[in-house]
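Peer 1: My structure file data-v6.txt, compact mmCIF, C-alpha atoms, is below:
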```txt
# COMPACT_ATOMS: atom_id res chain seq x y z
CA MET A 1 0.01 -7.34 -19.96
CA ARG A 2 0.08 -4.49 -17.47
CA LEU A 3 3.14 -4.38 -15.24
CA GLN A 4 2.57 -1.08 -13.54
CA LEU A 5 -0.82 -1.25 -11.88
CA HIS A 6 -0.35 -0.60 -8.23
CA SER A 7 -1.43 1.72 -5.51
CA LEU A 8 0.09 2.78 -2.26
CA VAL A 9 -1.00 4.42 0.90
CA ILE A 10 1.10 7.26 2.28
CA LEU A 11 -0.35 9.44 4.99
CA SER A 12 1.29 12.73 5.89
CA PHE A 13 3.05 12.62 9.20
CA ALA A 14 1.37 15.86 10.15
CA LEU A 15 -1.86 13.94 9.96
CA PHE A 16 -0.37 11.01 11.82
CA GLY A 17 0.82 13.31 14.55
CA SER A 18 -2.43 15.18 15.13
CA GLY A 19 -5.17 13.25 13.41
CA LYS A 20 -7.68 11.13 15.31
CA PRO A 21 -9.99 8.48 13.95
CA ALA A 22 -13.51 9.70 13.34
CA SER A 23 -14.86 6.88 15.46
CA ILE A 24 -13.60 3.98 17.55
CA GLU A 25 -15.76 1.06 18.57
CA THR A 26 -14.40 -1.28 21.23
CA ASN A 27 -15.64 -4.56 22.56
CA SER A 28 -16.24 -3.81 26.23
CA ALA A 29 -16.35 -7.53 27.04
CA HIS A 30 -12.65 -8.06 26.31
CA SER A 31 -10.21 -7.89 29.17
CA ALA A 32 -8.07 -4.79 29.55
CA VAL A 33 -4.88 -5.30 27.55
CA GLN A 34 -2.21 -2.69 27.11
CA HIS A 35 -2.12 -1.38 23.53
CA SER A 36 1.67 -1.47 23.42
CA SER A 37 1.72 -5.19 24.21
CA LEU A 38 -0.34 -5.98 21.13
CA LEU A 39 0.72 -3.90 18.16
CA THR A 40 3.74 -1.78 19.04
CA ARG A 41 6.95 -2.67 17.22
CA HIS A 42 9.93 -3.45 19.46
CA TYR A 43 13.13 -3.41 17.42
CA ARG A 44 16.48 -5.10 17.93
CA GLU A 45 19.37 -3.57 16.03
CA GLY A 46 20.89 -6.05 13.60
CA GLU A 47 17.75 -8.19 13.37
CA THR A 48 17.14 -9.53 9.84
CA LEU A 49 13.79 -10.15 8.18
CA THR A 50 13.27 -11.86 4.85
CA TYR A 51 9.94 -12.03 3.04
CA GLU A 52 8.70 -13.68 -0.11
CA MET A 53 6.16 -11.60 -2.01
CA LYS A 54 3.84 -13.29 -4.50
CA GLY A 55 1.65 -11.20 -6.74
CA SER A 56 -0.97 -11.60 -9.41
CA ASN A 57 -1.54 -8.51 -11.51
CA ASN A 58 -4.04 -8.90 -14.36
CA GLY A 59 -2.27 -11.93 -15.83
CA TRP A 60 1.24 -11.09 -14.66
CA ASN A 61 2.27 -13.47 -11.89
CA TYR A 62 5.51 -12.98 -10.00
CA GLN A 63 7.54 -13.87 -6.94
CA ILE A 64 10.25 -11.71 -5.44
CA ARG A 65 12.30 -11.63 -2.25
CA ALA A 66 12.81 -8.70 0.13
CA LYS A 67 15.58 -8.96 2.72
CA GLY A 68 15.71 -6.39 5.48
CA THR A 69 18.08 -5.45 8.28
CA VAL A 70 17.10 -3.43 11.35
CA LYS A 71 19.27 -0.33 11.75
CA LYS A 72 19.24 2.77 13.94
CA ASP A 73 19.80 6.31 12.73
CA ASP A 74 21.74 9.08 14.47
CA ALA A 75 18.59 10.16 16.32
CA GLY A 76 18.15 6.68 17.76
CA VAL A 77 15.15 5.82 15.58
CA PHE A 78 14.97 2.24 14.33
CA TYR A 79 14.19 1.41 10.72
CA GLU A 80 14.33 -1.56 8.36
CA GLU A 81 16.42 -1.39 5.20
CA TYR A 82 15.26 -3.75 2.45
CA ALA A 83 16.95 -4.96 -0.72
CA TRP A 84 15.02 -6.74 -3.48
CA SER A 85 16.23 -9.84 -5.34
CA ASP A 86 15.31 -13.12 -7.00
CA LEU A 87 12.49 -11.94 -9.28
CA ARG A 88 10.65 -14.82 -10.96
CA SER A 89 7.66 -14.31 -13.20
CA ASN A 90 5.68 -15.60 -16.17
CA ALA A 91 7.17 -12.81 -18.27
CA PRO A 92 10.80 -12.71 -19.45
CA MET A 93 12.42 -10.16 -17.15
CA LYS A 94 15.10 -9.83 -14.52
CA LEU A 95 16.10 -7.15 -12.06
CA SER A 96 18.51 -4.55 -13.36
CA ASP A 97 21.69 -3.60 -11.50
CA ALA A 98 20.01 -0.36 -10.40
CA SER A 99 17.06 -2.30 -8.96
CA LEU A 100 19.33 -4.79 -7.19
CA ASN A 101 21.28 -1.91 -5.64
CA PHE A 102 18.15 -0.06 -4.55
CA HIS A 103 17.44 0.03 -0.79
CA GLN A 104 13.98 0.69 0.63
CA THR A 105 13.70 2.06 4.16
CA LEU A 106 10.59 1.37 6.26
CA SER A 107 9.75 1.55 9.94
CA LEU A 108 6.96 0.79 12.40
CA ASP A 109 8.65 2.91 15.06
CA GLN A 110 6.01 5.47 16.06
CA THR A 111 8.63 8.25 16.15
CA SER A 112 9.77 7.41 12.63
CA LYS A 113 9.36 9.37 9.41
CA TYR A 114 10.62 6.55 7.18
CA LEU A 115 7.26 5.75 5.58
CA THR A 116 7.81 7.88 2.50
CA VAL A 117 7.65 7.25 -1.22
CA PRO A 118 11.13 6.43 -2.52
CA ASN A 119 12.45 7.76 -5.80
CA LEU A 120 10.70 5.31 -8.13
CA SER A 121 12.62 6.59 -11.16
CA GLN A 122 15.64 4.69 -9.79
CA VAL A 123 14.06 1.28 -10.43
CA GLN A 124 12.55 -0.56 -13.37
CA PRO A 125 8.73 -0.63 -13.78
CA SER A 126 8.37 -4.24 -12.63
CA LEU A 127 9.73 -3.37 -9.18
CA ILE A 128 7.42 -0.40 -8.56
CA GLY A 129 4.48 -2.63 -7.56
CA PRO A 130 6.40 -4.69 -4.97
CA ILE A 131 7.98 -1.55 -3.47
CA THR A 132 4.67 0.27 -3.09
CA ASP A 133 2.81 -2.81 -1.87
CA LEU A 134 5.35 -3.40 0.90
CA LEU A 135 4.94 0.28 1.76
CA THR A 136 1.16 -0.22 1.92
CA PHE A 137 1.52 -3.10 4.40
CA TYR A 138 3.80 -1.03 6.63
CA SER A 139 1.63 2.09 6.38
CA ASP A 140 -1.50 0.16 7.33
CA ALA A 141 0.23 -1.51 10.28
CA PHE A 142 1.66 1.86 11.35
CA LEU A 143 -1.79 3.48 11.32
CA ALA A 144 -3.37 0.56 13.18
CA GLU A 145 -0.71 0.91 15.90
CA GLN A 146 -1.97 4.43 16.56
CA GLN A 147 -5.56 3.42 17.22
CA ASN A 148 -6.65 2.19 20.62
CA LEU A 149 -7.46 -1.33 19.44
CA THR A 150 -6.95 -3.74 22.30
CA GLY A 151 -9.42 -6.59 21.82
CA ALA A 152 -10.92 -8.72 19.06
CA GLY A 153 -13.69 -6.80 17.31
CA ASP A 154 -12.33 -3.33 18.09
CA HIS A 155 -12.85 -1.01 15.13
CA ALA A 156 -11.72 2.45 14.02
CA TYR A 157 -12.57 4.61 11.03
CA PHE A 158 -9.89 7.05 9.88
CA PRO A 159 -10.82 9.65 7.24
CA HIS A 160 -7.95 10.69 5.01
CA GLY A 161 -9.17 11.56 1.52
CA LYS A 162 -5.97 13.21 0.33
CA PRO A 163 -4.34 12.02 -2.90
CA ASN A 164 -1.51 9.48 -2.84
CA SER A 165 0.78 9.38 -5.87
CA TRP A 166 2.84 6.65 -7.51
CA ALA A 167 3.77 8.59 -10.69
CA ASP A 168 7.41 8.01 -11.59
CA GLY A 169 7.65 10.70 -14.24
CA ASN A 170 8.94 8.28 -16.87
CA TYR A 171 6.21 5.70 -17.42
CA VAL A 172 3.33 6.86 -15.24
CA VAL A 173 2.79 10.59 -15.74
CA LEU A 174 -0.22 10.68 -13.40
CA GLY A 175 -1.06 8.06 -10.80
CA GLN A 176 -3.25 8.91 -7.82
CA ASP A 177 -5.80 7.41 -5.50
CA ALA A 178 -7.62 8.73 -2.44
CA ILE A 179 -8.99 6.57 0.33
CA ASP A 180 -10.27 6.46 3.90
CA PHE A 181 -9.30 3.67 6.31
CA ASP A 182 -11.66 1.24 8.01
CA ILE A 183 -9.62 -0.74 10.57
CA THR A 184 -10.69 -3.80 12.57
CA LEU A 185 -8.70 -5.94 14.99
CA LEU A 186 -10.10 -9.28 13.86
CA GLU A 187 -8.55 -11.65 16.36
CA ILE A 188 -5.89 -12.20 18.98
CA VAL A 189 -4.41 -15.68 19.32
CA PRO A 190 -2.34 -15.93 22.51
CA ALA A 191 -1.17 -19.45 21.64
CA ASP A 192 0.87 -18.27 18.65
CA HIS A 193 1.41 -14.68 19.90
CA SER A 194 -0.40 -13.10 16.97
CA ALA A 195 -2.96 -10.40 16.26
CA THR A 196 -4.72 -10.09 12.89
CA LEU A 197 -5.85 -6.79 11.41
CA LEU A 198 -8.27 -6.06 8.60
CA VAL A 199 -7.64 -2.68 6.99
CA ARG A 200 -10.13 -1.71 4.31
CA HIS A 201 -9.30 1.19 2.01
CA VAL A 202 -12.59 2.75 0.94
CA PRO A 203 -13.49 5.73 -1.29
CA PRO A 204 -13.93 9.03 0.56
CA THR A 205 -17.08 11.07 0.10
CA GLN A 206 -15.04 13.64 -1.83
CA PRO A 207 -11.80 12.16 -3.25
CA GLN A 208 -9.17 14.84 -3.81
CA ILE A 209 -7.48 13.31 -6.85
CA GLN A 210 -6.40 15.18 -9.97
CA LEU A 211 -8.75 14.60 -12.92
CA PRO A 212 -7.37 16.36 -16.04
CA ALA A 213 -10.41 15.78 -18.28
CA GLU A 214 -14.12 16.31 -17.70
CA TRP A 215 -15.00 12.77 -18.84
CA MET A 216 -13.03 11.44 -15.88
CA ARG A 217 -15.52 12.99 -13.43
CA ILE A 218 -18.36 10.66 -14.45
CA PRO A 219 -18.60 7.95 -11.74
CA VAL A 220 -17.70 4.50 -13.02
CA LYS A 221 -19.47 2.76 -10.13
CA ASP A 222 -21.58 3.77 -7.13
CA THR A 223 -19.15 6.31 -5.61
CA PRO A 224 -17.12 9.26 -6.93
CA ASN A 225 -14.03 8.09 -8.80
CA ASN A 226 -11.08 7.77 -6.41
CA TRP A 227 -8.38 6.30 -8.71
CA VAL A 228 -6.67 7.65 -11.83
CA GLU A 229 -3.67 6.57 -13.89
CA VAL A 230 -2.18 7.99 -17.08
CA GLU A 231 0.68 6.14 -18.80
CA LYS A 232 2.73 7.40 -21.70
CA LYS A 233 2.70 4.90 -24.55
CA GLY A 234 5.00 6.17 -27.29
CA ASP A 235 3.30 9.29 -28.67
CA LYS A 236 -0.04 8.42 -27.04
CA TYR A 237 -1.45 8.27 -23.51
CA LEU A 238 -3.39 5.46 -21.90
CA ALA A 239 -5.80 7.09 -19.45
CA GLU A 240 -7.88 5.26 -16.85
CA VAL A 241 -10.19 6.37 -14.06
CA GLY A 242 -12.48 4.55 -11.67
CA LYS A 243 -13.26 3.17 -8.23
CA GLU A 244 -10.55 1.43 -6.21
CA THR A 245 -10.82 -0.47 -2.94
CA PHE A 246 -8.34 -2.49 -0.90
CA GLU A 247 -8.85 -5.25 1.62
CA VAL A 248 -5.65 -5.83 3.58
CA HIS A 249 -5.09 -8.55 6.19
CA ILE A 250 -1.98 -8.23 8.36
CA LYS A 251 -0.89 -10.67 11.05
CA LEU A 252 1.46 -9.15 13.63
CA ASP A 253 3.68 -10.82 16.21
CA THR A 254 2.39 -9.63 19.60
CA ASN A 255 5.83 -10.23 21.16
CA ASP A 256 7.65 -7.60 19.08
CA GLY A 257 5.10 -6.18 16.62
CA LYS A 258 6.80 -7.33 13.40
CA ILE A 259 4.72 -8.35 10.40
CA LEU A 260 4.29 -12.12 10.24
CA THR A 261 2.15 -12.36 7.11
CA ALA A 262 0.14 -9.97 4.99
CA ARG A 263 -2.12 -10.12 1.98
CA LEU A 264 -4.15 -7.67 -0.04
CA ASP A 265 -6.90 -7.79 -2.62
CA ASN A 266 -7.09 -4.69 -4.80
CA PRO A 267 -9.91 -4.42 -7.38
CA VAL A 268 -10.34 -1.37 -9.60
CA ALA A 269 -13.45 -0.84 -11.74
CA ALA A 270 -12.18 1.48 -14.45
CA VAL A 271 -12.90 3.19 -17.74
CA GLU A 272 -9.92 3.21 -20.14
CA ARG A 273 -9.36 5.48 -23.14
CA GLU A 274 -6.39 5.92 -25.47
CA CYS A 275 -5.67 9.60 -25.99
CA ALA A 276 -3.54 11.56 -28.43
CA ASP A 277 -2.76 14.49 -26.12
CA ILE A 278 -1.62 15.04 -22.54
CA ALA A 279 -4.81 17.03 -21.84
CA LEU A 280 -6.74 13.80 -22.54
CA SER A 281 -9.21 15.69 -24.76
CA LYS A 282 -8.67 13.71 -27.98
CA CYS A 283 -9.48 10.16 -26.96
CA GLY A 284 -10.90 6.97 -28.38
CA ASN A 285 -14.03 5.22 -27.20
CA PRO A 286 -14.22 4.31 -23.50
CA GLN A 287 -13.67 0.69 -22.51
CA LEU A 288 -15.08 -0.50 -19.18
CA HIS A 289 -13.04 -3.18 -17.43
CA GLU A 290 -11.94 -4.46 -14.02
CA ILE A 291 -8.32 -4.59 -12.94
CA ARG A 292 -7.54 -6.88 -10.03
CA ARG A 293 -4.37 -7.47 -8.08
CA SER A 294 -3.65 -9.79 -5.21
CA VAL A 295 -0.45 -9.84 -3.18
CA GLU A 296 0.79 -12.12 -0.40
CA LEU A 297 3.75 -11.56 1.91
CA THR A 298 5.20 -14.47 3.88
CA PRO A 299 8.42 -14.87 5.90
CA VAL A 300 11.18 -17.14 4.60
CA PRO A 301 14.40 -18.34 6.30
```
Spell out the structure here as structure tokens.
Peer 2:
Amino acid sequence: MRLQLHSLVILSFALFGSGKPASIETNSAHSAVQHSSLLTRHYREGETLTYEMKGSNNGWNYQIRAKGTVKKDDAGVFYEEYAWSDLRSNAPMKLSDASLNFHQTLSLDQTSKYLTVPNLSQVQPSLIGPITDLLTFYSDAFLAEQQNLTGAGDHAYFPHGKPNSWADGNYVVLGQDAIDFDITLLEIVPADHSATLLVRHVPPTQPQIQLPAEWMRIPVKDTPNNWVEVEKKGDKYLAEVGKETFEVHIKLDTNDGKILTARLDNPVAAVERECADIALSKCGNPQLHEIRRSVELTPVP
């Protein structure tokens, strides 16, 4: 049972600040609606948000709770501080004291720099997936806020291509993916004050991930490999490489921009080899397999 398969999306804020989508398609038939009224997050200091996350990860099923409080830093920038608790799963495990005391900071404030990878060495392996998946939801919503999507059917393509890492240095010695973003505003429902986004993470033409061994450069599917993970297993290394995609649906509250619900489907078509050395040059026979994760985020009282 794999507990550590995950991926996250972190874009550099230099790119956020100056980057533009390669193309934007808008539905000219929709009425003019101010962008800020649809997707922009409007914070209230002291507001609390609690979510239940349910995940299925190659046979490992879990539920966990994230409780957040809206705070404001010395510069006046709002952020959400989350604590994780109440882990339930089909495997015998519980959150350690270090994991229970860990606080994750996130923000949809467009002046914020809180969408960064936390120190994953501070938490146990079973919490890495939930932390990075919540970060993915926030990063996708943050990027969508920056596009001029104002009506149902509006679409933007954002090339990124740079590597994103989830290596913790203890269990995962190399973990990278590289993706571009294909963003669509699927629908706006005035009756329940919601807007639904579809954010697809797709392989770039030239993924910029680190591939330590030549055998990792052979495409597993129909695109260049854009995902790699190497785990230390005792005195051996479990090395995998392949094609990863994401399909992320996020429903936002159009009154204040907070996330109402979110879900992702994350398949990886991979080749796996067990290796005797960190250079991944002395390896067993390749095994082709598919890894699939699904995650849902829903609000709870």
Peer 1: Counting all atoms listed in the file, find the residues whose atoms lie at most 12 Å from (4.9, 3.9, -26.7) (file coordinates) and write them out as a PDB file with C-alpha atoms, keeping the file's coordinate frame.
Peer 2:
```pdb
ATOM      1  CA  ASN A 170       8.940   8.280 -16.870  1.00  0.00           C
ATOM      2  CA  TYR A 171       6.210   5.700 -17.420  1.00  0.00           C
ATOM      3  CA  VAL A 172       3.330   6.860 -15.240  1.00  0.00           C
ATOM      4  CA  GLU A 231       0.680   6.140 -18.800  1.00  0.00           C
ATOM      5  CA  LYS A 232       2.730   7.400 -21.700  1.00  0.00           C
ATOM      6  CA  LYS A 233       2.700   4.900 -24.550  1.00  0.00           C
ATOM      7  CA  GLY A 234       5.000   6.170 -27.290  1.00  0.00           C
ATOM      8  CA  ASP A 235       3.300   9.290 -28.670  1.00  0.00           C
ATOM      9  CA  LYS A 236      -0.040   8.420 -27.040  1.00  0.00           C
ATOM     10  CA  TYR A 237      -1.450   8.270 -23.510  1.00  0.00           C
ATOM     11  CA  LEU A 238      -3.390   5.460 -21.900  1.00  0.00           C
ATOM     12  CA  GLU A 274      -6.390   5.920 -25.470  1.00  0.00           C
ATOM     13  CA  ALA A 276      -3.540  11.560 -28.430  1.00  0.00           C
TER      14      ALA A 276
END
```
Peer 1: One decimal, in Å: what's the spacing between atom CA of Leu252 of chain A and atom CA of Leu127 of chain A?
Peer 2: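 About the pair atom CA of Leu252 of chain A and atom CA of Leu127 of chain A: they are 24.9 Å apart.
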Peer 1: Looking at all atoms listed in the file, which of A:Ala279, A:Ala213, A:Leu297, A:Ala167 is the one that sits closest to Leu135 of chain A?
Peer 2: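 Answer, going by the shortest atom-to-atom distance: A:Leu297.
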Peer 1: Using all atoms listed in the file, which of the listed residues (A:Phe142, A:Asn164, A:Ser89, A:Ala239) sits closest to Lys282 of chain A?
Peer 2: A:Ala239
Peer 1: From the options A:Leu260, A:Ala156, A:Leu288, A:Ala144, which residue's atoms come nearest to Val300 of chain A, counting all atoms listed in the file?
Peer 2: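 Ranked by minimum distance to Val300 of chain A, first place goes to A:Leu260.
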Peer 1: My list of candidates is A:Leu211, A:Phe78, A:Thr196, A:Ser281. Which is closest to Leu149 of chain A when distances are computed with all atoms listed in the file?
Peer 2: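 Looking only at the distances to Leu149 of chain A, the closest residue turns out to be A:Thr196.
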Peer 1: Can you tell me how far atom CA of Asp277 of chain A sits from atom CA of Trp215 of chain A, in Å to one decimal?
Peer 2: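 Here the two named atoms are 14.3 Å from each other.
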Peer 1: Using only C-alpha atoms, give me every residue within 8 Å of (6.8, -1.2, 18.9) in file coordinates, as a ChimeraX atom specification.
Peer 2: /A:36,39-43,108-110,256-257
Peer 1: Write the residues you've just listed into a file as a PDB file, in the coordinates of the input, and include C-alpha atoms for each of them.
Peer 2:
```pdb
ATOM      1  CA  SER A  36       1.670  -1.470  23.420  1.00  0.00           C
ATOM      2  CA  LEU A  39       0.720  -3.900  18.160  1.00  0.00           C
ATOM      3  CA  THR A  40       3.740  -1.780  19.040  1.00  0.00           C
ATOM      4  CA  ARG A  41       6.950  -2.670  17.220  1.00  0.00           C
ATOM      5  CA  HIS A  42       9.930  -3.450  19.460  1.00  0.00           C
ATOM      6  CA  TYR A  43      13.130  -3.410  17.420  1.00  0.00           C
ATOM      7  CA  LEU A 108       6.960   0.790  12.400  1.00  0.00           C
ATOM      8  CA  ASP A 109       8.650   2.910  15.060  1.00  0.00           C
ATOM      9  CA  GLN A 110       6.010   5.470  16.060  1.00  0.00           C
ATOM     10  CA  ASP A 256       7.650  -7.600  19.080  1.00  0.00           C
ATOM     11  CA  GLY A 257       5.100  -6.180  16.620  1.00  0.00           C
TER      12      GLY A 257
END
```
Peer 1: For Ile131 of chain A, which residue among A:Leu38, A:Leu198, A:Met53, A:Leu186 is the nearest when counting all atoms listed in the file?
Peer 2: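 The closest residue to Ile131 of chain A is A:Met53.
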Peer 1: List every residue of segment 68-106 of chain A that has an atom at most 7 Å from any atom of segment 114-123 of chain A, giving for each one its closest atom pair and the distance in Å to one decimal, counting only C-alpha atoms, sorted by chain and then by ascending residue number, as a Markdown table.
Peer 2:
```
| residue | atom | partner | partner_atom | distance |
| --- | --- | --- | --- | --- |
| A:Ala98 | CA | A:Val123 | CA | 6.2 |
| A:Ser99 | CA | A:Val123 | CA | 4.9 |
| A:Thr105 | CA | A:Tyr114 | CA | 6.2 |
| A:Leu106 | CA | A:Tyr114 | CA | 5.3 |
```
Peer 1: Those same residues - C-alpha atoms - I'd like them written as a PDB file, keeping the file's coordinate frame.
Peer 2:
```
ATOM      1  CA  ALA A  98      20.010  -0.360 -10.400  1.00  0.00           C
ATOM      2  CA  SER A  99      17.060  -2.300  -8.960  1.00  0.00           C
ATOM      3  CA  THR A 105      13.700   2.060   4.160  1.00  0.00           C
ATOM      4  CA  LEU A 106      10.590   1.370   6.260  1.00  0.00           C
TER       5      LEU A 106
END
```
Peer 1: When distances are computed from all atoms listed in the file, which of A:Glu229, A:Asp168, A:Glu290, A:Glu81 shows the smallest separation from Ala269 of chain A?
Peer 2: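 So, comparing all the options, the nearest one is A:Glu290.
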Peer 1: Kindly give the distance, in Å, that separates atom CA of Ile250 of chain A and atom CA of Leu197 of chain A, rounded to a single decimal.
Peer 2: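 These two atoms are separated by 5.1 Å.
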Peer 1: Got a sec: who's within 9 Å of segment 203-207 of chain A, counting all atoms listed in the file, leaving out chain neighbours fewer than 4 positions off, as a PyMOL selection string?
Peer 2: chain A and resi 159-163+177-181+223-227+243-245
Peer 1: I need the chosen residues saved as a PDB file, keeping the file's coordinate frame, with C-alpha atoms.
Peer 2:
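result_36.pdb, freshly written:
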```
ATOM      1  CA  PRO A 159     -10.820   9.650   7.240  1.00  0.00           C
ATOM      2  CA  HIS A 160      -7.950  10.690   5.010  1.00  0.00           C
ATOM      3  CA  GLY A 161      -9.170  11.560   1.520  1.00  0.00           C
ATOM      4  CA  LYS A 162      -5.970  13.210   0.330  1.00  0.00           C
ATOM      5  CA  PRO A 163      -4.340  12.020  -2.900  1.00  0.00           C
ATOM      6  CA  ASP A 177      -5.800   7.410  -5.500  1.00  0.00           C
ATOM      7  CA  ALA A 178      -7.620   8.730  -2.440  1.00  0.00           C
ATOM      8  CA  ILE A 179      -8.990   6.570   0.330  1.00  0.00           C
ATOM      9  CA  ASP A 180     -10.270   6.460   3.900  1.00  0.00           C
ATOM     10  CA  PHE A 181      -9.300   3.670   6.310  1.00  0.00           C
ATOM     11  CA  THR A 223     -19.150   6.310  -5.610  1.00  0.00           C
ATOM     12  CA  PRO A 224     -17.120   9.260  -6.930  1.00  0.00           C
ATOM     13  CA  ASN A 225     -14.030   8.090  -8.800  1.00  0.00           C
ATOM     14  CA  ASN A 226     -11.080   7.770  -6.410  1.00  0.00           C
ATOM     15  CA  TRP A 227      -8.380   6.300  -8.710  1.00  0.00           C
ATOM     16  CA  LYS A 243     -13.260   3.170  -8.230  1.00  0.00           C
ATOM     17  CA  GLU A 244     -10.550   1.430  -6.210  1.00  0.00           C
ATOM     18  CA  THR A 245     -10.820  -0.470  -2.940  1.00  0.00           C
TER      19      THR A 245
END
```
Peer 1: Complete the atom set of segment 89-109 of chain A to N, CA and C atoms and return it as a JSON list (two decimals), keeping the file's coordinate frame.
Peer 2:
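In the end it all went to result-v7.json:
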```json
[["chain", "number", "residue", "atom", "x", "y", "z"],
["A", 89, "SER", "N", 8.99, -14.65, -12.71],
["A", 89, "SER", "CA", 7.66, -14.31, -13.20],
["A", 89, "SER", "C", 7.35, -15.08, -14.47],
["A", 90, "ASN", "N", 6.09, -14.95, -14.93],
["A", 90, "ASN", "CA", 5.68, -15.60, -16.17],
["A", 90, "ASN", "C", 5.97, -14.72, -17.38],
["A", 91, "ALA", "N", 6.72, -13.66, -17.17],
["A", 91, "ALA", "CA", 7.17, -12.81, -18.27],
["A", 91, "ALA", "C", 8.69, -12.77, -18.25],
["A", 92, "PRO", "N", 9.33, -12.71, -19.42],
["A", 92, "PRO", "CA", 10.80, -12.71, -19.45],
["A", 92, "PRO", "C", 11.37, -11.39, -18.94],
["A", 93, "MET", "N", 11.84, -11.38, -17.71],
["A", 93, "MET", "CA", 12.42, -10.16, -17.15],
["A", 93, "MET", "C", 13.32, -10.54, -15.99],
["A", 94, "LYS", "N", 14.24, -9.66, -15.68],
["A", 94, "LYS", "CA", 15.10, -9.83, -14.52],
["A", 94, "LYS", "C", 15.37, -8.45, -13.94],
["A", 95, "LEU", "N", 15.82, -8.44, -12.70],
["A", 95, "LEU", "CA", 16.10, -7.15, -12.06],
["A", 95, "LEU", "C", 17.39, -6.55, -12.61],
["A", 96, "SER", "N", 17.33, -5.28, -12.88],
["A", 96, "SER", "CA", 18.51, -4.55, -13.36],
["A", 96, "SER", "C", 19.48, -4.32, -12.21],
["A", 97, "ASP", "N", 20.71, -3.91, -12.55],
["A", 97, "ASP", "CA", 21.69, -3.60, -11.50],
["A", 97, "ASP", "C", 21.19, -2.47, -10.60],
["A", 98, "ALA", "N", 20.53, -1.48, -11.19],
["A", 98, "ALA", "CA", 20.01, -0.36, -10.40],
["A", 98, "ALA", "C", 18.95, -0.84, -9.42],
["A", 99, "SER", "N", 18.10, -1.77, -9.85],
["A", 99, "SER", "CA", 17.06, -2.30, -8.96],
["A", 99, "SER", "C", 17.67, -3.16, -7.86],
["A", 100, "LEU", "N", 18.68, -3.94, -8.20],
["A", 100, "LEU", "CA", 19.33, -4.79, -7.19],
["A", 100, "LEU", "C", 20.07, -3.95, -6.16],
["A", 101, "ASN", "N", 20.54, -2.78, -6.56],
["A", 101, "ASN", "CA", 21.28, -1.91, -5.64],
["A", 101, "ASN", "C", 20.38, -0.94, -4.88],
["A", 102, "PHE", "N", 19.10, -0.96, -5.20],
["A", 102, "PHE", "CA", 18.15, -0.06, -4.55],
["A", 102, "PHE", "C", 17.84, -0.54, -3.14],
["A", 103, "HIS", "N", 17.78, 0.37, -2.17],
["A", 103, "HIS", "CA", 17.44, 0.03, -0.79],
["A", 103, "HIS", "C", 16.21, 0.82, -0.36],
["A", 104, "GLN", "N", 15.23, 0.09, 0.16],
["A", 104, "GLN", "CA", 13.98, 0.69, 0.63],
["A", 104, "GLN", "C", 13.98, 0.74, 2.15],
["A", 105, "THR", "N", 13.73, 1.91, 2.71],
["A", 105, "THR", "CA", 13.70, 2.06, 4.16],
["A", 105, "THR", "C", 12.26, 2.18, 4.64],
["A", 106, "LEU", "N", 11.93, 1.40, 5.68],
["A", 106, "LEU", "CA", 10.59, 1.37, 6.26],
["A", 106, "LEU", "C", 10.73, 1.29, 7.76],
["A", 107, "SER", "N", 9.68, 1.66, 8.49],
["A", 107, "SER", "CA", 9.75, 1.55, 9.94],
["A", 107, "SER", "C", 8.36, 1.56, 10.54],
["A", 108, "LEU", "N", 8.18, 0.77, 11.59],
["A", 108, "LEU", "CA", 6.96, 0.79, 12.40],
["A", 108, "LEU", "C", 7.20, 1.50, 13.73],
["A", 109, "ASP", "N", 8.36, 2.10, 13.89],
["A", 109, "ASP", "CA", 8.65, 2.91, 15.06],
["A", 109, "ASP", "C", 7.76, 4.15, 15.02]]
```
